[in-house]
file final_17.cif (mmCIF, C-alpha atoms)
data_entry
loop_
_atom_site.label_atom_id
_atom_site.label_comp_id
_atom_site.auth_asym_id
_atom_site.auth_seq_id
_atom_site.Cartn_x
_atom_site.Cartn_y
_atom_site.Cartn_z
CA MET R 1 0.00 0.00 0.00
CA ASN R 2 1.49 3.36 -0.98
CA LYS R 3 1.60 6.32 1.39
CA MET R 4 -1.50 8.10 0.00
CA LYS R 5 -3.66 4.97 0.23
CA TRP R 6 -2.35 4.37 3.75
CA LEU R 7 -3.28 7.92 4.73
CA ALA R 8 -6.75 7.58 3.21
CA ALA R 9 -7.33 4.35 5.14
CA ILE R 10 -6.42 6.04 8.42
CA ALA R 11 -8.77 8.94 7.63
CA VAL R 12 -11.67 6.57 6.98
CA VAL R 13 -11.10 4.72 10.24
CA LEU R 14 -10.83 7.91 12.25
CA THR R 15 -13.91 9.42 10.60
CA SER R 16 -15.97 6.29 11.28
CA GLY R 17 -14.96 6.35 14.92
CA LEU R 18 -15.88 9.99 15.35
CA LEU R 19 -19.34 9.43 13.88
CA GLN R 20 -20.30 6.80 16.42
CA ALA R 21 -23.02 8.06 18.76
CA ASP R 22 -22.48 8.17 22.51
CA LEU R 23 -25.28 7.14 24.88
CA VAL R 24 -26.11 9.83 27.44
CA ALA R 25 -28.59 9.20 30.27
CA LEU R 26 -30.12 12.19 32.07
CA ASN R 27 -32.29 12.17 35.18
CA PRO R 28 -34.60 15.18 35.63
CA ASN R 29 -33.23 18.13 37.55
CA LYS R 30 -36.83 19.02 38.54
CA ASP R 31 -40.10 17.10 38.54
CA THR R 32 -43.58 17.47 39.98
CA VAL R 33 -47.26 17.04 39.20
CA MET R 34 -49.64 19.70 37.89
CA ARG R 35 -52.86 18.70 39.60
CA ALA R 36 -55.38 21.47 39.04
CA SER R 37 -56.66 23.99 36.57
CA GLY R 38 -58.26 27.37 37.11
CA THR R 39 -57.75 28.98 40.50
CA THR R 40 -57.48 25.81 42.58
CA ASP R 41 -54.43 25.38 44.80
CA GLU R 42 -52.42 22.26 44.14
CA ALA R 43 -50.83 19.47 46.10
CA ASP R 44 -47.05 19.77 46.28
CA TYR R 45 -45.28 16.73 44.81
CA GLY R 46 -41.84 18.35 44.46
CA ALA R 47 -40.15 16.08 46.99
CA ALA R 48 -42.43 13.07 46.54
CA THR R 49 -40.83 9.76 45.62
CA GLN R 50 -43.82 8.96 43.39
CA LEU R 51 -45.79 11.11 40.94
CA LEU R 52 -49.50 10.75 40.30
CA ALA R 53 -49.76 9.68 36.68
CA ASN R 54 -53.43 10.43 36.02
CA SER R 55 -53.06 14.09 36.91
CA PRO R 56 -53.48 16.70 34.15
CA ARG R 57 -49.70 16.73 33.66
CA MET R 58 -46.56 15.17 35.06
CA LEU R 59 -43.83 17.78 34.74
CA PHE R 60 -40.11 17.08 34.13
CA SER R 61 -37.17 19.38 33.44
CA PHE R 62 -33.94 18.13 31.85
CA ASP R 63 -30.63 19.98 31.66
CA LEU R 64 -29.58 19.68 28.02
CA ALA R 65 -26.72 22.17 28.41
CA SER R 66 -24.71 19.35 29.96
CA VAL R 67 -24.88 17.41 26.68
CA SER R 68 -21.87 17.87 24.41
CA GLY R 69 -22.75 17.00 20.84
CA SER R 70 -25.76 16.72 18.55
CA ILE R 71 -28.78 14.77 19.79
CA THR R 72 -29.84 12.24 17.16
CA ASN R 73 -32.19 9.99 19.12
CA ALA R 74 -34.15 10.36 22.37
CA VAL R 75 -36.22 8.03 24.54
CA LEU R 76 -37.97 8.88 27.80
CA LYS R 77 -38.38 6.04 30.31
CA LEU R 78 -40.64 6.09 33.37
CA THR R 79 -41.04 3.23 35.85
CA MET R 80 -44.45 2.30 37.25
CA ALA R 81 -44.56 2.38 41.05
CA ASN R 82 -47.79 0.46 41.78
CA SER R 83 -50.22 -2.00 40.21
CA PRO R 84 -53.74 -0.62 39.91
CA THR R 85 -56.11 -2.23 37.43
CA THR R 86 -56.03 -0.04 34.35
CA VAL R 87 -56.92 -0.24 30.68
CA ALA R 88 -56.31 1.89 27.59
CA TRP R 89 -53.57 4.04 29.10
CA ASN R 90 -52.07 6.66 26.78
CA TYR R 91 -49.28 9.25 27.13
CA VAL R 92 -48.58 12.42 25.15
CA VAL R 93 -45.38 14.41 25.73
CA SER R 94 -45.26 18.14 24.92
CA PRO R 95 -42.64 20.80 25.65
CA MET R 96 -43.66 23.78 27.73
CA VAL R 97 -43.36 26.95 25.64
CA TYR R 98 -40.26 28.87 26.56
CA THR R 99 -40.44 32.12 28.48
CA ALA R 100 -37.93 33.12 31.13
CA ASN R 101 -40.68 32.95 33.78
CA ASN R 102 -41.96 29.55 32.71
CA TYR R 103 -38.55 27.93 32.71
CA SER R 104 -37.45 29.38 36.06
CA TRP R 105 -40.01 27.27 37.92
CA LEU R 106 -38.82 25.80 41.20
CA GLU R 107 -39.51 22.36 42.51
CA GLY R 108 -41.52 22.24 45.72
CA ALA R 109 -40.48 20.52 48.92
CA GLY R 110 -43.76 18.78 49.71
CA THR R 111 -44.86 15.18 49.29
CA SER R 112 -48.51 15.90 48.36
CA SER R 113 -49.77 15.78 51.94
CA THR R 114 -47.45 18.36 53.47
CA ALA R 115 -48.19 21.42 51.39
CA LEU R 116 -50.33 23.16 48.85
CA GLU R 117 -49.15 24.19 45.39
CA SER R 118 -47.15 21.84 43.25
CA ILE R 119 -44.42 24.19 42.16
CA GLN R 120 -42.86 26.29 44.90
CA PRO R 121 -39.54 26.59 46.73
CA ALA R 122 -40.91 25.35 50.07
CA ASP R 123 -44.08 24.12 51.76
CA ALA R 124 -46.92 26.61 51.66
CA THR R 125 -47.57 28.75 54.70
CA SER R 126 -50.62 30.42 53.21
CA ALA R 127 -52.76 28.42 50.81
CA ALA R 128 -54.21 31.53 49.21
CA SER R 129 -50.81 32.91 48.23
CA TYR R 130 -49.37 29.80 46.58
CA LYS R 131 -50.83 29.50 43.12
CA TRP R 132 -49.48 28.92 39.65
CA ARG R 133 -45.70 29.14 39.78
CA ARG R 134 -43.22 30.72 42.17
CA ASN R 135 -39.80 32.12 41.31
CA GLY R 136 -38.77 32.32 44.95
CA VAL R 137 -39.85 35.94 45.31
CA THR R 138 -43.17 36.55 43.61
CA ASP R 139 -46.12 34.36 42.71
CA LEU R 140 -46.42 34.23 38.94
CA GLN R 141 -48.79 32.66 36.47
CA TRP R 142 -47.67 30.37 33.69
CA GLU R 143 -47.39 32.21 30.38
CA ASN R 144 -47.95 31.75 26.68
CA LEU R 145 -45.26 32.63 24.13
CA SER R 146 -46.19 36.32 24.20
CA GLY R 147 -45.87 36.46 28.00
CA THR R 148 -49.59 36.67 28.72
CA GLY R 149 -50.51 34.97 31.98
CA LEU R 150 -52.65 31.85 31.78
CA ASN R 151 -55.37 31.12 34.31
CA ASN R 152 -55.56 27.45 33.42
CA MET R 153 -52.52 25.21 33.60
CA ALA R 154 -54.04 22.89 31.00
CA ASN R 155 -54.32 25.76 28.52
CA ALA R 156 -53.04 24.68 25.10
CA GLU R 157 -51.10 27.97 24.83
CA LEU R 158 -48.74 26.70 27.53
CA TRP R 159 -47.63 23.73 25.43
CA GLY R 160 -45.93 23.20 22.12
CA ALA R 161 -46.80 20.45 19.65
CA SER R 162 -46.41 16.87 20.82
CA ILE R 163 -42.88 15.48 20.61
CA GLY R 164 -43.78 11.90 21.56
CA SER R 165 -46.60 9.54 22.49
CA ALA R 166 -47.15 5.95 23.57
CA SER R 167 -49.96 3.64 24.62
CA GLY R 168 -50.73 0.10 25.60
CA THR R 169 -48.27 -0.56 28.44
CA SER R 170 -49.91 -2.67 31.17
CA TRP R 171 -49.79 -0.78 34.45
CA VAL R 172 -47.85 -3.14 36.71
CA SER R 173 -45.29 -2.13 39.31
CA GLY R 174 -41.82 -2.26 37.79
CA ASN R 175 -42.99 -1.99 34.18
CA THR R 176 -41.33 0.71 32.08
CA ILE R 177 -43.16 3.30 30.01
CA THR R 178 -40.96 3.96 26.97
CA ILE R 179 -41.71 7.02 24.84
CA ALA R 180 -39.63 7.92 21.79
CA LEU R 181 -39.20 11.70 21.53
CA THR R 182 -38.47 13.95 18.59
CA ALA R 183 -34.69 14.32 18.79
CA SER R 184 -34.59 17.43 16.60
CA MET R 185 -36.77 19.33 19.07
CA LEU R 186 -34.47 18.42 21.96
CA GLU R 187 -31.51 19.50 19.86
CA THR R 188 -33.26 22.84 19.25
CA PHE R 189 -33.67 23.44 22.97
CA ARG R 190 -30.05 22.37 23.57
CA THR R 191 -28.64 24.86 21.05
CA ASN R 192 -30.98 27.86 21.06
CA GLY R 193 -29.74 29.39 24.29
CA VAL R 194 -32.37 27.85 26.56
CA GLY R 195 -30.20 24.89 27.50
CA SER R 196 -33.01 22.94 29.16
CA ILE R 197 -36.42 21.57 28.30
CA THR R 198 -39.51 21.27 30.47
CA ILE R 199 -41.92 18.61 29.27
CA GLY R 200 -45.44 17.84 30.37
CA ILE R 201 -46.90 14.36 30.05
CA ASP R 202 -50.64 14.26 29.50
CA THR R 203 -52.10 10.88 30.48
CA THR R 204 -55.50 9.40 29.73
CA GLY R 205 -56.92 6.04 30.66
CA THR R 206 -59.35 4.13 32.83
CA THR R 207 -58.45 3.19 36.38
CA ALA R 208 -60.53 0.49 38.02
CA SER R 209 -58.85 0.60 41.41
CA SER R 210 -56.26 2.92 42.99
CA SER R 211 -54.59 5.74 41.07
CA PRO R 212 -51.43 4.95 39.05
CA PHE R 213 -48.07 6.34 40.14
CA VAL R 214 -44.59 6.47 38.58
CA TRP R 215 -41.33 6.80 40.46
CA SER R 216 -39.87 10.31 40.61
CA LYS R 217 -36.28 11.54 40.63
CA GLU R 218 -36.39 11.20 44.44
CA ALA R 219 -36.91 7.42 44.23
CA ALA R 220 -34.55 5.55 46.57
CA SER R 221 -33.46 3.18 43.80
CA ALA R 222 -31.57 4.97 41.04
CA GLY R 223 -32.83 2.38 38.55
CA ASN R 224 -36.43 3.48 39.15
CA ARG R 225 -35.87 7.18 38.48
CA PRO R 226 -37.10 8.82 35.27
CA VAL R 227 -34.41 8.87 32.61
CA LEU R 228 -33.97 10.56 29.26
CA GLU R 229 -31.71 8.39 27.12
CA LEU R 230 -29.99 10.25 24.30
CA GLN R 231 -27.82 9.20 21.41
CA VAL R 232 -25.35 12.00 20.82
CA ILE R 233 -22.86 12.56 18.02
CA PRO R 234 -19.77 14.15 19.62
CA GLU R 235 -18.68 17.60 18.54
CA PRO R 236 -16.37 17.58 15.47
CA ALA R 237 -12.71 17.09 16.32
CA THR R 238 -9.71 18.59 14.58
CA LEU R 239 -7.07 15.94 13.96
CA GLY R 240 -3.47 16.26 12.92
CA LEU R 241 -1.69 13.65 10.82
CA PHE R 242 2.06 13.68 10.31
CA VAL R 243 3.08 12.40 6.90
CA VAL R 244 6.65 11.67 5.90
CA SER R 245 7.40 12.62 2.31
CA SER R 246 10.40 13.47 0.20
CA LEU R 247 9.81 17.11 1.22
CA GLY R 248 10.13 16.35 4.90
CA ILE R 249 7.51 16.00 7.66
CA ILE R 250 4.19 17.58 6.73
CA LEU R 251 1.31 18.21 9.22
CA ILE R 252 -2.08 17.74 7.60
CA ARG R 253 -5.04 19.09 9.59
CA ARG R 254 -8.64 18.37 8.82
CA VAL R 255 -11.93 18.58 10.66
CA PHE R 256 -13.82 15.30 10.53
CA ARG R 257 -17.61 15.32 11.01
#

call {"tool": "encode", "arguments": {"input": "final_17.cif", "output": "structure tokens"}}
result
Amino acid sequence: MNKMKWLAAIAVVLTSGLLQADLVALNPNKDTVMRASGTTDEADYGAATQLLANSPRMLFSFDLASVSGSITNAVLKLTMANSPTTVAWNYVVSPMVYTANNYSWLEGAGTSSTALESIQPADATSAASYKWRRNGVTDLQWENLSGTGLNNMANAELWGASIGSASGTSWVSGNTITIALTASMLETFRTNGVGSITIGIDTTGTTASSSPFVWSKEAASAGNRPVLELQVIPEPATLGLFVVSSLGIILIRRVFR
């Protein structure tokens, strides 16, 4: 093999290696349940080990800024925490529209029975003052894209188009709900300056016994916690190859993608 063919062979091998996707697993940095609509106060699930799955929305935030590389595939996995009798259970995942107020929501410290309001920095001391969303200083409503406050947390203006759905998983403790998500939308949130994504999971189904729960990020067993599994193509690397020729040692630099 002559020198040029040898060099080309090395380049192909290196390029193939760089294009292999890495697997990145992210647990939520915040999660809770949005129980009510309108002006009703909510139960605080911020520190709960389990999240009520037949609420209007389960809410999860993921830090995508920690991901280095382009997201090419995404799967959300949730683990069922109990075994009620259920049929026809469906899940729809939508991103919360981005405003600075919406995405600065803080996870509460309650476990559903210790406080009112699902999204707050601490347990409520006054039920009347803990509504919508808190930023640690002032009570704020959720917003649509134009910044107009919304009086109903289930308002369609709070949510973007669906980025994933699933149905048919039997609700049995230990079973995994697996939902493929639109990778390009996650990549958009990773790269557009937001750096995180808040998703809401709308669930519908029929429960014949007790309410269904999934494990939260506070679950004692790490294997039960919600996880966003991503396939990520690493950032392009600049490589240097030294080639010996009749002219001496030459450094060839090229960016492989």

call {"tool": "atom_distance", "arguments": {"input": "final_17.cif", "atom1": "atom CA of Gly147 of chain R", "atom2": "atom CA of Tyr103 of chain R"}}
result
12.2 Å

call {"tool": "residues_around", "arguments": {"input": "final_17.cif", "residues": "Ser165 of chain R", "least_positions_apart": "6", "cutoff": "9 Å", "atoms": "all atoms listed in the file", "output": "number ranges by chain"}}
result
R: 90-93, 179-181, 201

call {"tool": "closest_residue", "arguments": {"input": "final_17.cif", "among": "R:Met153, R:Ile199, R:Met185, R:Leu76", "to": "Ala25 of chain R", "atoms": "all atoms listed in the file"}}
result
R:Leu76

call {"tool": "atom_distance", "arguments": {"input": "final_17.cif", "atom1": "atom CA of Thr32 of chain R", "atom2": "atom CA of Thr178 of chain R"}}
result
18.9 Å

call {"tool": "resolve_selection", "arguments": {"input": "final_17.cif", "expression": "the PyMOL selection byres ((chain R and resi 191) around 12)", "output": "number ranges by chain"}}
result
R: 63-71, 184-190, 192-197

call {"tool": "resolve_selection", "arguments": {"input": "final_17.cif", "expression": "the PyMOL selection byres ((chain R and resi 95) around 9)", "output": "number ranges by chain"}}
result
R: 93-94, 96-98, 158-163, 185, 197-201

call {"tool": "atom_distance", "arguments": {"input": "final_17.cif", "atom1": "atom CA of Glu107 of chain R", "atom2": "atom CA of Thr148 of chain R"}}
result
22.3 Å

call {"tool": "resolve_selection", "arguments": {"input": "final_17.cif", "expression": "the PyMOL selection byres ((chain R and resi 211) around 12)", "output": "ChimeraX atom specification"}}
result
/R:50-55,80-86,171-172,204-210,212-214

call {"tool": "residues_around", "arguments": {"input": "final_17.cif", "residues": "Pro226 of chain R", "least_positions_apart": "2", "cutoff": "8 Å", "atoms": "only C-alpha atoms", "output": "list in words"}}
result
Asn27, Pro28, Leu76, Lys77, Leu78, Thr79, Trp215, Ser216, Lys217, Asn224 and Leu228 of chain R

call {"tool": "residues_around", "arguments": {"input": "final_17.cif", "residues": "Gln231 of chain R", "least_positions_apart": "6", "cutoff": "6 Å", "atoms": "all atoms listed in the file", "output": "JSON list (two decimals) with C-alpha atoms, in the frame of the given file"}}
result
[["chain", "number", "residue", "atom", "x", "y", "z"],
["R", 21, "ALA", "CA", -23.02, 8.06, 18.76],
["R", 22, "ASP", "CA", -22.48, 8.17, 22.51],
["R", 23, "LEU", "CA", -25.28, 7.14, 24.88],
["R", 71, "ILE", "CA", -28.78, 14.77, 19.79],
["R", 72, "THR", "CA", -29.84, 12.24, 17.16],
["R", 73, "ASN", "CA", -32.19, 9.99, 19.12]]

call {"tool": "axis_aligned_box", "arguments": {"input": "final_17.cif", "around": "segment 146-158 of chain R", "padding_each_side": "8 Å", "output": "JSON"}}
result
{"center_x": -50.7, "center_y": 29.8, "center_z": 29.3, "size_x": 25.7, "size_y": 29.8, "size_z": 26.1}

call {"tool": "residues_around", "arguments": {"input": "final_17.cif", "residues": "Ala48 of chain R", "least_positions_apart": "6", "cutoff": "10 Å", "atoms": "only C-alpha atoms", "output": "ChimeraX atom specification"}}
result
/R:31-33,108-113,215-219

call {"tool": "closest_residue", "arguments": {"input": "final_17.cif", "among": "R:Thr203, R:Asn101, R:Thr49, R:Gln20", "to": "Asn144 of chain R", "atoms": "all atoms listed in the file"}}
result
R:Asn101

call {"tool": "closest_residue", "arguments": {"input": "final_17.cif", "among": "R:Leu145, R:Ala220, R:Ala74, R:Glu157", "to": "Val232 of chain R", "atoms": "only C-alpha atoms"}}
result
R:Ala74

call {"tool": "build_atoms", "arguments": {"input": "final_17.cif", "residues": "segment 67-94 of chain R", "atoms": "N, CA and C atoms", "output": "compact mmCIF listing (two decimals), keeping the file's coordinate frame"}}
result
# COMPACT_ATOMS: atom_id res chain seq x y z
N VAL R 67 -25.12 18.34 27.78
CA VAL R 67 -24.88 17.41 26.68
C VAL R 67 -23.93 18.05 25.67
N SER R 68 -22.85 17.37 25.37
CA SER R 68 -21.87 17.87 24.41
C SER R 68 -21.97 17.07 23.13
N GLY R 69 -22.58 17.67 22.12
CA GLY R 69 -22.75 17.00 20.84
C GLY R 69 -24.18 17.10 20.37
N SER R 70 -24.44 16.62 19.17
CA SER R 70 -25.76 16.72 18.55
C SER R 70 -26.63 15.53 18.94
N ILE R 71 -27.85 15.82 19.39
CA ILE R 71 -28.78 14.77 19.79
C ILE R 71 -29.44 14.18 18.55
N THR R 72 -29.29 12.89 18.35
CA THR R 72 -29.84 12.24 17.16
C THR R 72 -30.97 11.27 17.48
N ASN R 73 -31.12 10.90 18.74
CA ASN R 73 -32.19 9.99 19.12
C ASN R 73 -32.50 10.22 20.59
N ALA R 74 -33.77 10.09 20.98
CA ALA R 74 -34.15 10.36 22.37
C ALA R 74 -35.30 9.47 22.79
N VAL R 75 -35.18 8.89 23.98
CA VAL R 75 -36.22 8.03 24.54
C VAL R 75 -36.40 8.38 26.00
N LEU R 76 -37.64 8.62 26.40
CA LEU R 76 -37.97 8.88 27.80
C LEU R 76 -38.48 7.60 28.43
N LYS R 77 -37.96 7.26 29.62
CA LYS R 77 -38.38 6.04 30.31
C LYS R 77 -38.86 6.38 31.72
N LEU R 78 -40.05 5.91 32.05
CA LEU R 78 -40.64 6.09 33.37
C LEU R 78 -40.97 4.71 33.93
N THR R 79 -40.78 4.53 35.22
CA THR R 79 -41.04 3.23 35.85
C THR R 79 -42.30 3.30 36.71
N MET R 80 -43.20 2.35 36.49
CA MET R 80 -44.45 2.30 37.25
C MET R 80 -44.18 1.89 38.69
N ALA R 81 -44.85 2.59 39.63
CA ALA R 81 -44.56 2.38 41.05
C ALA R 81 -45.61 1.54 41.76
N ASN R 82 -46.76 1.27 41.14
CA ASN R 82 -47.79 0.46 41.78
C ASN R 82 -48.54 -0.34 40.72
N SER R 83 -49.53 -1.10 41.15
CA SER R 83 -50.22 -2.00 40.21
C SER R 83 -51.74 -1.88 40.31
N PRO R 84 -52.28 -0.71 39.98
CA PRO R 84 -53.74 -0.62 39.91
C PRO R 84 -54.25 -1.33 38.66
N THR R 85 -55.53 -1.63 38.62
CA THR R 85 -56.11 -2.23 37.43
C THR R 85 -56.46 -1.13 36.45
N THR R 86 -55.80 -1.11 35.32
CA THR R 86 -56.03 -0.04 34.35
C THR R 86 -56.16 -0.61 32.95
N VAL R 87 -56.82 0.14 32.10
CA VAL R 87 -56.92 -0.24 30.68
C VAL R 87 -56.76 1.01 29.84
N ALA R 88 -56.36 0.81 28.59
CA ALA R 88 -56.31 1.89 27.59
C ALA R 88 -55.56 3.12 28.08
N TRP R 89 -54.33 2.90 28.60
CA TRP R 89 -53.57 4.04 29.10
C TRP R 89 -52.72 4.65 27.98
N ASN R 90 -52.76 5.97 27.86
CA ASN R 90 -52.07 6.66 26.78
C ASN R 90 -51.26 7.82 27.36
N TYR R 91 -50.16 8.19 26.66
CA TYR R 91 -49.28 9.25 27.13
C TYR R 91 -48.93 10.15 25.94
N VAL R 92 -48.98 11.45 26.17
CA VAL R 92 -48.58 12.42 25.15
C VAL R 92 -47.61 13.40 25.80
N VAL R 93 -46.43 13.55 25.19
CA VAL R 93 -45.38 14.41 25.73
C VAL R 93 -45.32 15.69 24.91
N SER R 94 -45.35 16.84 25.60
CA SER R 94 -45.26 18.14 24.92
C SER R 94 -44.28 19.03 25.67
